[in-house]
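Engineer: File upload.cif follows (mmCIF, C-alpha atoms):
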data_query
#
loop_
_atom_site.label_atom_id
_atom_site.label_comp_id
_atom_site.auth_asym_id
_atom_site.auth_seq_id
_atom_site.Cartn_x
_atom_site.Cartn_y
_atom_site.Cartn_z
CA MET W 1 -62.69 14.84 201.98
CA ASN W 2 -61.13 13.44 205.10
CA ILE W 3 -57.71 14.56 203.97
CA LYS W 4 -58.98 18.11 203.43
CA LEU W 5 -60.58 18.22 206.87
CA LEU W 6 -57.43 16.88 208.46
CA SER W 7 -55.31 19.47 206.67
CA ILE W 8 -57.56 22.33 207.80
CA LEU W 9 -57.55 21.07 211.37
CA LEU W 10 -53.78 20.73 211.29
CA LEU W 11 -53.34 24.27 209.98
CA LEU W 12 -55.72 25.66 212.60
CA THR W 13 -53.87 23.84 215.33
CA LEU W 14 -50.53 25.11 214.10
CA HIS W 15 -51.89 28.65 213.84
CA LEU W 16 -53.31 28.60 217.35
CA GLY W 17 -50.17 27.02 218.68
CA ALA W 18 -47.98 29.65 217.05
CA ASN W 19 -50.12 32.43 218.52
CA THR W 20 -50.10 31.02 222.02
CA LEU W 21 -46.38 30.28 221.89
CA ASP W 22 -45.38 33.73 220.59
CA PRO W 23 -44.11 35.67 223.64
CA GLY W 24 -44.02 38.87 221.57
CA LYS W 25 -47.81 38.96 221.60
CA GLU W 26 -48.01 39.11 225.35
CA VAL W 27 -49.97 42.19 226.47
CA VAL W 28 -47.80 44.14 228.90
CA GLY W 29 -50.02 47.20 229.33
CA LYS W 30 -52.46 49.59 227.75
CA LEU W 31 -51.99 52.88 225.99
CA SER W 32 -54.69 55.49 225.71
CA GLY W 33 -54.85 58.19 223.06
CA THR W 34 -57.23 61.11 223.20
CA ILE W 35 -57.83 63.80 220.60
CA ILE W 36 -58.64 67.13 222.22
CA TYR W 37 -59.83 70.24 220.48
CA ALA W 38 -58.19 73.27 222.09
CA SER W 39 -59.24 76.79 221.16
CA GLU W 40 -59.35 80.32 222.36
CA THR W 41 -63.03 80.77 221.63
CA ALA W 42 -65.68 78.67 223.27
CA ASN W 43 -68.00 78.32 220.30
CA GLN W 44 -67.25 74.66 219.84
CA ALA W 45 -65.04 73.87 222.76
CA ALA W 46 -65.97 73.42 226.35
CA ASN W 47 -64.01 72.63 229.46
CA ASN W 48 -65.06 69.06 229.58
CA LEU W 49 -61.72 67.34 230.05
CA PRO W 50 -62.21 64.48 232.51
CA GLU W 51 -60.15 64.33 235.66
CA GLU W 52 -58.33 61.20 234.59
CA GLN W 53 -56.85 62.98 231.62
CA HIS W 54 -53.95 64.24 233.79
CA LEU W 55 -53.27 67.22 231.58
CA ASP W 56 -51.50 70.13 233.16
CA THR W 57 -52.78 73.04 231.06
CA SER W 58 -51.41 75.77 233.27
CA GLY W 59 -49.63 78.41 231.24
CA TRP W 60 -51.00 77.14 227.97
CA GLU W 61 -53.24 80.15 227.56
CA GLN W 62 -50.27 82.50 227.64
CA LYS W 63 -48.14 80.20 225.55
CA TRP W 64 -50.54 79.00 222.88
CA GLY W 65 -53.78 80.89 223.56
CA PHE W 66 -55.79 77.85 224.58
CA LYS W 67 -58.67 78.64 226.87
CA HIS W 68 -61.16 75.88 226.14
CA TYR W 69 -60.72 72.16 225.69
CA ARG W 70 -63.08 69.54 224.38
CA ARG W 71 -62.47 65.85 223.98
CA ILE W 72 -63.27 64.56 220.50
CA GLY W 73 -62.39 60.89 220.63
CA ASN W 74 -60.44 58.27 222.51
CA ASP W 75 -58.84 54.95 221.76
CA THR W 76 -57.23 52.54 224.19
CA GLN W 77 -55.15 49.69 222.85
CA ALA W 78 -52.94 46.96 224.17
CA ILE W 79 -49.20 47.33 224.42
CA TYR W 80 -47.59 44.15 223.10
CA ARG W 81 -44.24 42.98 224.25
CA SER W 82 -42.69 42.96 220.77
CA TYR W 83 -45.35 44.07 218.32
CA GLU W 84 -46.35 47.44 216.97
CA ASN W 85 -49.88 48.66 217.61
CA TRP W 86 -51.99 51.64 216.62
CA LEU W 87 -54.07 54.33 218.27
CA LYS W 88 -56.87 55.80 216.20
CA PRO W 89 -58.99 58.02 218.46
CA ILE W 90 -61.24 59.22 215.64
CA LYS W 91 -62.38 55.91 214.24
CA GLY W 92 -64.07 57.32 211.21
CA SER W 93 -61.10 59.39 210.10
CA ASP W 94 -57.45 58.84 209.24
CA GLN W 95 -56.63 62.46 210.02
CA ILE W 96 -54.57 61.66 213.11
CA MET W 97 -53.14 58.31 214.15
CA LEU W 98 -50.26 57.02 216.20
CA SER W 99 -48.22 53.83 215.93
CA TYR W 100 -46.18 52.63 218.86
CA SER W 101 -44.02 49.78 220.08
CA VAL W 102 -42.25 49.05 223.33
CA VAL W 103 -38.48 49.28 223.50
CA LYS W 104 -38.16 48.06 227.07
CA PRO W 105 -39.89 48.37 230.44
CA THR W 106 -38.70 50.93 232.97
CA ASP W 107 -39.30 51.26 236.71
CA ASP W 108 -42.60 53.12 236.36
CA GLY W 109 -43.54 52.65 232.74
CA TYR W 110 -42.18 51.83 229.34
CA GLU W 111 -39.66 53.15 226.91
CA ILE W 112 -41.68 53.52 223.74
CA ASP W 113 -41.09 54.37 220.09
CA LEU W 114 -43.88 56.56 218.71
CA SER W 115 -44.77 57.62 215.19
CA PHE W 116 -47.29 60.35 214.46
CA TRP W 117 -49.35 59.96 211.29
CA GLN W 118 -51.58 62.40 209.47
CA GLU W 119 -53.76 61.19 206.61
CA GLN W 120 -51.85 57.89 206.46
CA ARG W 121 -48.52 59.69 206.09
CA LYS W 122 -45.88 59.44 208.77
CA VAL W 123 -45.02 62.92 210.03
CA PHE W 124 -42.42 62.30 212.71
CA ARG W 125 -41.03 59.63 214.96
CA THR W 126 -39.61 59.85 218.44
CA THR W 127 -37.61 57.02 219.92
CA SER W 128 -37.17 55.67 223.41
CA LEU W 129 -39.55 58.15 225.03
CA ILE W 130 -40.23 57.08 228.59
CA LEU W 131 -43.94 57.06 229.33
CA GLU W 132 -44.99 56.73 232.93
CA GLU W 133 -48.36 56.57 234.61
CA LYS W 134 -49.88 60.01 235.11
CA LYS W 135 -47.19 61.56 232.95
CA PRO W 136 -48.73 61.83 229.49
CA LEU W 137 -47.32 62.93 226.19
CA ILE W 138 -49.16 65.77 224.49
CA ILE W 139 -48.63 66.39 220.79
CA LEU W 140 -49.74 69.75 219.51
CA GLY W 141 -51.03 68.67 216.14
CA PRO W 142 -52.74 70.27 213.17
CA LYS W 143 -54.92 73.34 213.25
CA TRP W 144 -58.64 72.84 212.82
CA ARG W 145 -61.26 75.53 212.58
CA ASP W 146 -60.56 78.13 215.25
CA GLY W 147 -58.24 76.02 217.30
CA GLN W 148 -55.78 73.17 217.30
CA LEU W 149 -55.93 69.43 217.86
CA LEU W 150 -54.00 67.92 220.73
CA PHE W 151 -53.12 64.25 220.92
CA ALA W 152 -52.75 63.14 224.52
CA ILE W 153 -51.13 59.74 225.06
CA GLU W 154 -50.79 58.08 228.42
CA LEU W 155 -50.36 54.70 230.01
CA LYS W 156 -53.37 52.96 231.51
CA ASP W 157 -53.53 50.25 234.13
CA MET H 1 47.83 6.48 190.23
CA ASN H 2 48.40 10.13 191.11
CA ASP H 3 52.11 9.52 191.02
CA ASN H 4 51.77 8.11 187.51
CA LYS H 5 49.78 11.15 186.35
CA GLU H 6 52.38 13.54 187.71
CA LEU H 7 55.19 11.56 186.10
CA ILE H 8 53.34 11.38 182.74
CA VAL H 9 52.69 15.19 182.74
CA ARG H 10 56.30 15.90 183.61
CA TRP H 11 57.49 13.45 180.90
CA GLN H 12 55.19 15.01 178.28
CA ASP H 13 56.36 18.53 179.26
CA GLY H 14 59.86 17.44 178.37
CA GLU H 15 61.27 17.29 181.84
CA LEU H 16 64.07 14.81 182.35
CA LEU H 17 63.02 11.89 184.51
CA THR H 18 65.35 9.72 186.49
CA GLU H 19 65.92 6.16 185.42
CA ALA H 20 64.03 4.90 188.45
CA GLU H 21 61.00 7.05 187.52
CA ILE H 22 61.07 5.79 183.90
CA GLN H 23 61.28 2.21 185.12
CA HIS H 24 58.38 2.82 187.44
CA LEU H 25 56.27 4.11 184.54
CA GLU H 26 57.22 1.19 182.30
CA GLN H 27 56.38 -1.29 185.01
CA THR H 28 53.02 0.20 185.96
CA LEU H 29 51.79 1.26 182.51
CA GLY H 30 53.51 -1.23 180.23
CA GLU H 31 52.29 -0.92 176.66
CA GLU H 32 49.99 1.97 177.53
CA LEU H 33 53.02 4.22 177.93
CA HIS H 34 53.93 3.83 174.31
CA GLN H 35 50.41 4.70 173.20
CA LEU H 36 50.51 8.11 174.98
CA PRO H 37 51.56 11.19 172.94
CA THR H 38 55.28 11.65 173.34
CA PRO H 39 56.87 15.03 174.17
CA GLU H 40 58.03 15.25 170.59
CA ASN H 41 54.51 14.79 169.28
CA LEU H 42 53.12 17.48 171.60
CA SER H 43 55.84 20.00 170.70
CA SER H 44 55.19 19.47 166.99
CA LEU H 45 51.40 19.96 167.61
CA GLN H 46 52.18 23.24 169.43
CA SER H 47 54.28 24.54 166.55
CA GLN H 48 51.62 23.56 164.04
CA LEU H 49 48.95 25.50 166.00
CA ARG H 50 51.17 28.57 166.19
CA GLU H 51 51.68 28.51 162.48
CA ALA H 52 48.01 27.97 161.73
CA TYR H 53 46.76 30.81 163.97
CA PRO H 54 48.40 34.28 163.43
CA ALA H 55 49.92 35.76 166.55
CA ASP H 56 48.63 39.31 165.85
CA ALA H 57 45.00 38.24 165.40
CA ASP H 58 42.45 39.85 167.74
CA ILE H 59 41.05 37.73 170.45
CA PRO H 60 37.31 37.44 169.95
CA ASN H 61 35.35 39.46 172.57
CA ALA H 62 38.54 40.69 174.14
CA ASP H 63 36.90 43.74 175.71
CA LEU H 64 34.25 41.68 177.36
CA PHE H 65 36.81 39.23 178.58
CA GLN H 66 38.98 42.01 179.98
CA ARG H 67 36.12 43.85 181.63
CA SER H 68 34.77 40.75 183.33
CA LEU H 69 38.28 39.87 184.43
CA MET H 70 38.83 43.34 185.88
CA GLU H 71 35.50 43.24 187.64
CA GLN H 72 36.42 40.00 189.29
CA LEU H 73 39.85 41.22 190.26
CA ALA H 74 38.80 44.68 191.44
CA PRO H 75 38.33 45.04 195.22
CA ARG H 76 34.67 45.25 196.15
CA GLU H 77 33.55 48.52 197.74
CA VAL H 78 31.79 48.01 201.04
CA THR H 79 28.70 50.22 201.06
CA PRO H 80 26.70 50.77 204.22
CA PRO H 81 23.04 49.69 204.24
CA SER H 82 20.82 52.31 202.70
CA ASN H 83 18.58 52.63 205.75
CA VAL H 84 21.41 53.53 208.09
CA ILE H 85 22.35 57.14 207.54
CA PRO H 86 24.58 58.77 210.04
CA ILE H 87 23.11 62.04 211.28
CA SER H 88 26.48 63.71 211.24
CA SER H 89 26.78 63.12 207.49
CA SER H 90 23.27 64.53 206.71
CA PRO H 91 22.58 68.12 207.79
CA LYS H 92 18.94 67.75 206.74
CA TYR H 93 18.30 65.07 209.36
CA PHE H 94 20.24 66.98 211.93
CA TRP H 95 17.96 70.03 211.60
CA TRP H 96 14.91 67.80 211.47
CA ALA H 97 15.92 66.26 214.79
CA ILE H 98 16.48 69.71 216.29
CA GLY H 99 13.07 70.92 215.02
CA SER H 100 11.13 67.93 216.30
CA SER H 101 12.83 68.20 219.69
CA MET H 102 11.82 71.85 219.94
CA ALA H 103 8.22 71.01 218.95
CA ALA H 104 8.09 68.27 221.59
CA CYS H 105 9.38 70.71 224.23
CA PHE H 106 6.79 73.29 223.14
CA MET H 107 3.92 70.79 223.43
CA LEU H 108 5.19 69.62 226.82
CA GLY H 109 5.27 73.24 227.97
CA ILE H 110 1.64 73.76 226.92
CA ILE H 111 0.53 70.59 228.71
CA LEU H 112 2.38 71.57 231.89
CA THR H 113 0.95 75.10 231.76
CA ASN H 114 -2.55 73.71 231.45
CA LEU H 115 -2.00 71.32 234.31
CA MET H 116 -0.62 74.02 236.59
CA THR H 117 -3.24 76.66 235.77
CA PRO H 118 -5.91 76.72 238.49
CA ARG H 119 -9.30 75.59 237.31
CA ALA H 120 -12.15 78.03 236.99
CA THR H 121 -14.37 77.97 240.02
CA THR H 122 -17.57 78.36 238.01
CA PRO H 123 -19.35 75.04 237.54
CA VAL H 124 -19.44 73.37 234.16
CA ALA H 125 -22.75 73.68 232.33
CA GLN H 126 -24.99 70.99 233.73
CA ALA H 127 -26.81 68.47 231.65
CA PRO H 128 -30.49 69.21 231.14
CA ALA H 129 -32.70 67.97 233.94
CA TYR H 130 -35.01 66.24 231.48
CA PRO H 131 -34.03 63.89 228.70
CA VAL H 132 -34.39 65.24 225.19
CA TYR H 133 -36.48 63.17 222.82
CA GLN H 134 -35.97 65.14 219.66
CA PRO H 135 -38.39 63.80 217.03
CA VAL H 136 -37.22 62.84 213.58
CA ILE H 137 -39.25 64.33 210.74
CA TYR H 138 -40.46 61.95 208.01
CA SER H 139 -41.70 64.50 205.54
CA ALA H 140 -40.32 66.45 202.61
CA ASN H 141 -42.17 69.53 203.83
CA LYS H 142 -39.41 71.96 204.77
CA ASN H 143 -41.76 74.03 206.92
CA LEU H 144 -42.52 71.06 209.14
CA SER H 145 -40.89 70.94 212.54
CA ALA H 146 -41.43 68.94 215.71
CA ASP H 147 -39.83 70.12 218.92
CA TYR H 148 -39.77 68.31 222.20
CA GLN H 149 -40.46 70.53 225.19
CA PRO H 150 -39.75 68.83 228.49
CA ALA H 151 -41.87 69.47 231.53
CA SER H 152 -42.06 67.93 234.94
CA GLN H 153 -45.60 66.53 234.70
CA GLN H 154 -45.84 65.73 231.00
CA HIS H 155 -44.00 65.44 227.72
CA ILE H 156 -44.93 67.97 225.05
CA ILE H 157 -44.13 67.81 221.35
CA VAL H 158 -45.06 70.90 219.37
CA VAL H 159 -45.55 70.17 215.68
CA GLU H 160 -45.61 73.16 213.37
CA GLY H 161 -46.19 73.30 209.66
CA LEU H 162 -48.77 70.50 209.54
CA GLU H 163 -51.55 70.72 207.00
CA ALA H 164 -54.64 72.16 208.68
CA ILE H 165 -57.66 69.87 208.70
CA PRO H 166 -60.37 71.37 206.49
CA ASP H 167 -63.14 73.11 208.40
CA GLU H 168 -65.80 71.10 206.64
CA VAL H 169 -64.49 67.89 208.16
CA ASP H 170 -66.65 67.44 211.25
CA LEU H 171 -64.45 65.50 213.61
CA PHE H 172 -67.09 65.61 216.35
CA LYS H 173 -69.59 63.90 214.11
CA LEU H 174 -67.08 61.34 212.90
CA ALA H 175 -66.16 60.45 216.47
CA GLU H 176 -69.77 60.43 217.63
CA SER H 177 -70.95 58.26 214.77
CA GLN H 178 -68.28 55.74 215.57
CA ASN H 179 -69.22 55.75 219.24
CA THR H 180 -72.87 55.28 218.30
CA GLN H 181 -71.97 52.36 216.09
CA ASN H 182 -70.03 50.84 218.94
CA GLU H 183 -73.00 51.26 221.30
CA TYR H 184 -75.25 49.42 218.91
#
Could I get this file's structure written as structure tokens?

Structural biologist:
Amino acid sequence: MNIKLLSILLLLTLHLGANTLDPGKEVVGKLSGTIIYASETANQAANNLPEEQHLDTSGWEQKWGFKHYRRIGNDTQAIYRSYENWLKPIKGSDQIMLSYSVVKPTDDGYEIDLSFWQEQRKVFRTTSLILEEKKPLIILGPKWRDGQLLFAIELKD
Amino acid sequence: MNDNKELIVRWQDGELLTEAEIQHLEQTLGEELHQLPTPENLSSLQSQLREAYPADADIPNADLFQRSLMEQLAPREVTPPSNVIPISSSPKYFWWAIGSSMAACFMLGIILTNLMTPRATTPVAQAPAYPVYQPVIYSANKNLSADYQPASQQHIIVVEGLEAIPDEVDLFKLAESQNTQNEY
């Protein structure tokens, strides 16, 4: 009995030690992902984008016909120094997700590798994209109902 | 000893030796001199061999013997090394040298002309102001495309050809239910 307890304690100690000693797990920042429903008609969309979203939608009406925007869900996750992490703004659905990992820090942000996933299938990957504060990445994603889903990704303090 | 050998050979060949030379042999060799084949014995052996072997018989392998003898006696021809070929003796190489020289002059002319031609005053096409992060597609769907569109305030990636989310999927409800669960 004593030997079993000692073994468990030893394993726990080693596990905790490994976690605390792993510099790759250091949190170097936060990444926020927001799913926005953009449409021409206002039946389900409303202009309720918060100020901190930092989206510049000027010209989008002419370009893509978006007049109304409505935030569906948001997820904010840690950016690890060397580990991949996920953004899943609609928690109850695997329709749209994003995986990301840091390549290296830059002066005002991070160079990040991003992969866009739809229904647990990787759709595309972009490498070494430099994300800076107040300069988000917007992905024009799949169509839904009368409009289209946008995935806005930006750095958070 | 060498003197004795010479004297013995001369004696056996039938040459006449002086008395002093014969005395010298008798003194140095003694009884051994009488045991050596005498000139008479050797001449009789020679005649016996001549009689036993016909004079007109062919020499065995005479052609081979003659050819090898002639090869050894013939003066060796001095041939130049194969990799040294005088240009004057090979018209092919002469024309090749002329042709390559003309080609070199032609290329030099082109280079000099390019160097001396004044450059166009119009500026070279400038690199794009924004970096291009062209996405890589991970799908077998040929209609799928993802294009990066740079802008000053934000990055935009336009994905086309994605499967539309079914209308019956209520994303608002899914998001709200999750938020409600989190509140509780």

Engineer: Just the residues within 9 Å of Ile8 (chain H), please, counting only C-alpha atoms, with nothing from its chain fewer than 3 positions along; format it as a list of chain:residue names.

Structural biologist: H:Asp3, H:Asn4, H:Lys5, H:Trp11, H:Gln12, H:Asp13, H:Leu25, H:Leu33, H:Leu36

Engineer: Within 12 Å of region 138-151 of chain H, counting only C-alpha atoms, which residues qualify if same-chain residues fewer than 2 places away don't, as a PyMOL selection string?

Structural biologist: (chain W and resi 55-59+115-118+121-127+129-130+135-142) or (chain H and resi 128-136+153-163)

Engineer: Return as JSON the centre and edge lengths, in Å with one decimal, of the box along x, y and z that encloses every atom of region 65-75 of chain W in the file, padded by 4 Å per side.

Structural biologist:
{"center_x": -58.5, "center_y": 67.9, "center_z": 223.7, "size_x": 17.5, "size_y": 33.9, "size_z": 14.4}

Engineer: Find the residues near Thr76 (chain W): any atom within 10 Å, counting all atoms listed in the file, skip ones fewer than 5 places away on the same chain, and give them as a CSV table (one decimal) with C-alpha atoms, in the frame of the given file.

Structural biologist:
chain,number,residue,atom,x,y,z
W,30,LYS,CA,-52.5,49.6,227.8
W,31,LEU,CA,-52.0,52.9,226.0
W,32,SER,CA,-54.7,55.5,225.7
W,33,GLY,CA,-54.8,58.2,223.1
W,34,THR,CA,-57.2,61.1,223.2
W,86,TRP,CA,-52.0,51.6,216.6
W,87,LEU,CA,-54.1,54.3,218.3
W,88,LYS,CA,-56.9,55.8,216.2
W,89,PRO,CA,-59.0,58.0,218.5
W,153,ILE,CA,-51.1,59.7,225.1
W,154,GLU,CA,-50.8,58.1,228.4
W,155,LEU,CA,-50.4,54.7,230.0
W,156,LYS,CA,-53.4,53.0,231.5

Engineer: What does the structure give for the distance between CA of Pro39 (chain H) and CA of Leu17 (chain H), in Å to one decimal?

Structural biologist: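 The value is 12.4 Å.
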
Engineer: Using only C-alpha atoms, determine which residues lie at most 8 Å from Glu119 (chain W), disregarding the query and same-chain residues fewer than 5 positions distant; provide the list as an NGL selection string.

Structural biologist: :W and (94-96)

Engineer: Could you write out as a VMD selection string the residues that the PyMOL selection byres ((chain W and resi 82) around 9) matches in the shown file?

Structural biologist: chain W and resid 23 to 26 79 to 81 83 to 84 101 to 103

Engineer: Write to file, as a PDB file, in the frame of the given file, the residues of the selection just made, with C-alpha atoms.

Structural biologist:
ATOM      1  CA  PRO W  23     -44.110  35.670 223.640  1.00  0.00           C
ATOM      2  CA  GLY W  24     -44.020  38.870 221.570  1.00  0.00           C
ATOM      3  CA  LYS W  25     -47.810  38.960 221.600  1.00  0.00           C
ATOM      4  CA  GLU W  26     -48.010  39.110 225.350  1.00  0.00           C
ATOM      5  CA  ILE W  79     -49.200  47.330 224.420  1.00  0.00           C
ATOM      6  CA  TYR W  80     -47.590  44.150 223.100  1.00  0.00           C
ATOM      7  CA  ARG W  81     -44.240  42.980 224.250  1.00  0.00           C
ATOM      8  CA  TYR W  83     -45.350  44.070 218.320  1.00  0.00           C
ATOM      9  CA  GLU W  84     -46.350  47.440 216.970  1.00  0.00           C
ATOM     10  CA  SER W 101     -44.020  49.780 220.080  1.00  0.00           C
ATOM     11  CA  VAL W 102     -42.250  49.050 223.330  1.00  0.00           C
ATOM     12  CA  VAL W 103     -38.480  49.280 223.500  1.00  0.00           C
TER      13      VAL W 103
END

Engineer: Of the candidates H:Glu26, H:Glu15, H:Glu40, H:Glu176, which one gets nearest to chain W if we count only C-alpha atoms?

Structural biologist: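 Looking at the shortest contact to chain W, the residue is H:Glu176.
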
Engineer: Leaving out Gly92 (chain W) and any residue of its chain fewer than 6 positions from it, which residues lie within 9 Å of it when counting only C-alpha atoms, given as a ChimeraX atom specification?

Structural biologist: /H:171,174-175,177-178

Engineer: Filtering to C-alpha atoms, could you give me those residues as a compact mmCIF listing (two decimals), in the coordinates of the input?

Structural biologist:
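So the final result, stored in again_6.txt, reads:
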# COMPACT_ATOMS: atom_id res chain seq x y z
CA LEU H 171 -64.45 65.50 213.61
CA LEU H 174 -67.08 61.34 212.90
CA ALA H 175 -66.16 60.45 216.47
CA SER H 177 -70.95 58.26 214.77
CA GLN H 178 -68.28 55.74 215.57

Engineer: I'd like the interatomic distance between CA of Asn74 (chain W) and CA of Tyr110 (chain W), to a tenth of an Å.

Structural biologist: 20.5 Å

Engineer: Report the residues retrieved by the PyMOL selection byres ((chain H and resi 167) around 7) from the displayed file, expressed as a PyMOL selection string.

Structural biologist: (chain W and resi 144-145) or (chain H and resi 165-166+168-169)

Engineer: Can you write out the residues you just picked, keeping C-alpha atoms, as a PDB file, in the frame of the given file?

Structural biologist:
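The resulting selection_19.pdb:
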ATOM      1  CA  TRP W 144     -58.640  72.840 212.820  1.00  0.00           C
ATOM      2  CA  ARG W 145     -61.260  75.530 212.580  1.00  0.00           C
TER       3      ARG W 145
ATOM      4  CA  ILE H 165     -57.660  69.870 208.700  1.00  0.00           C
ATOM      5  CA  PRO H 166     -60.370  71.370 206.490  1.00  0.00           C
ATOM      6  CA  GLU H 168     -65.800  71.100 206.640  1.00  0.00           C
ATOM      7  CA  VAL H 169     -64.490  67.890 208.160  1.00  0.00           C
TER       8      VAL H 169
END

Engineer: Pick from W:Asp75, W:Glu111, W:Asp146, W:Asp22: nearest to Leu131 (chain W), with all atoms listed in the file counted?

Structural biologist: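 Once distances to Leu131 (chain W) are computed over all atoms listed in the file, the minimum belongs to W:Glu111.
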
Engineer: State, in Å with one decimal place, the distance from CA of Leu98 (chain W) to CA of Asn85 (chain W).

Structural biologist: 8.5 Å

Engineer: How would region 26-39 of chain H read, as an mmCIF file, keeping the file's coordinate frame, once N, CA, C and O atoms are built in?

Structural biologist:
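Wrote result-v7.cif, looks like this:
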data_model
loop_
_atom_site.group_PDB
_atom_site.id
_atom_site.type_symbol
_atom_site.label_atom_id
_atom_site.label_comp_id
_atom_site.auth_asym_id
_atom_site.auth_seq_id
_atom_site.Cartn_x
_atom_site.Cartn_y
_atom_site.Cartn_z
ATOM 1 N N GLU H 26 57.269 2.344 183.201
ATOM 2 C CA GLU H 26 57.220 1.190 182.300
ATOM 3 C C GLU H 26 56.609 -0.029 183.010
ATOM 4 O O GLU H 26 55.863 -0.788 182.400
ATOM 5 N N GLN H 27 56.908 -0.121 184.288
ATOM 6 C CA GLN H 27 56.380 -1.290 185.010
ATOM 7 C C GLN H 27 54.865 -1.150 185.265
ATOM 8 O O GLN H 27 54.121 -2.108 185.162
ATOM 9 N N THR H 28 54.450 0.030 185.599
ATOM 10 C CA THR H 28 53.020 0.200 185.960
ATOM 11 C C THR H 28 52.142 0.342 184.714
ATOM 12 O O THR H 28 51.004 -0.154 184.684
ATOM 13 N N LEU H 29 52.650 1.017 183.678
ATOM 14 C CA LEU H 29 51.790 1.260 182.510
ATOM 15 C C LEU H 29 51.999 0.244 181.396
ATOM 16 O O LEU H 29 51.084 -0.084 180.659
ATOM 17 N N GLY H 30 53.253 -0.244 181.259
ATOM 18 C CA GLY H 30 53.510 -1.230 180.230
ATOM 19 C C GLY H 30 53.326 -0.646 178.844
ATOM 20 O O GLY H 30 53.887 0.410 178.512
ATOM 21 N N GLU H 31 52.511 -1.318 178.054
ATOM 22 C CA GLU H 31 52.290 -0.920 176.660
ATOM 23 C C GLU H 31 51.540 0.419 176.561
ATOM 24 O O GLU H 31 51.674 1.136 175.573
ATOM 25 N N GLU H 32 50.770 0.727 177.596
ATOM 26 C CA GLU H 32 49.990 1.970 177.530
ATOM 27 C C GLU H 32 50.900 3.187 177.428
ATOM 28 O O GLU H 32 50.525 4.217 176.852
ATOM 29 N N LEU H 33 52.089 3.084 177.956
ATOM 30 C CA LEU H 33 53.020 4.220 177.930
ATOM 31 C C LEU H 33 53.397 4.585 176.498
ATOM 32 O O LEU H 33 53.506 5.762 176.156
ATOM 33 N N HIS H 34 53.523 3.554 175.701
ATOM 34 C CA HIS H 34 53.930 3.830 174.310
ATOM 35 C C HIS H 34 52.775 4.368 173.474
ATOM 36 O O HIS H 34 52.987 4.929 172.412
ATOM 37 N N GLN H 35 51.544 4.180 173.948
ATOM 38 C CA GLN H 35 50.410 4.700 173.200
ATOM 39 C C GLN H 35 50.138 6.180 173.531
ATOM 40 O O GLN H 35 49.389 6.848 172.826
ATOM 41 N N LEU H 36 50.710 6.708 174.606
ATOM 42 C CA LEU H 36 50.510 8.110 174.980
ATOM 43 C C LEU H 36 51.299 9.002 174.028
ATOM 44 O O LEU H 36 52.324 8.597 173.496
ATOM 45 N N PRO H 37 50.791 10.250 173.784
ATOM 46 C CA PRO H 37 51.560 11.190 172.940
ATOM 47 C C PRO H 37 52.902 11.522 173.614
ATOM 48 O O PRO H 37 52.934 11.841 174.807
ATOM 49 N N THR H 38 53.927 11.398 172.830
ATOM 50 C CA THR H 38 55.280 11.650 173.340
ATOM 51 C C THR H 38 55.546 13.143 173.384
ATOM 52 O O THR H 38 54.834 13.925 172.738
ATOM 53 N N PRO H 39 56.544 13.585 174.127
ATOM 54 C CA PRO H 39 56.870 15.030 174.170
ATOM 55 C C PRO H 39 57.161 15.568 172.777
ATOM 56 O O PRO H 39 56.802 16.708 172.472
#
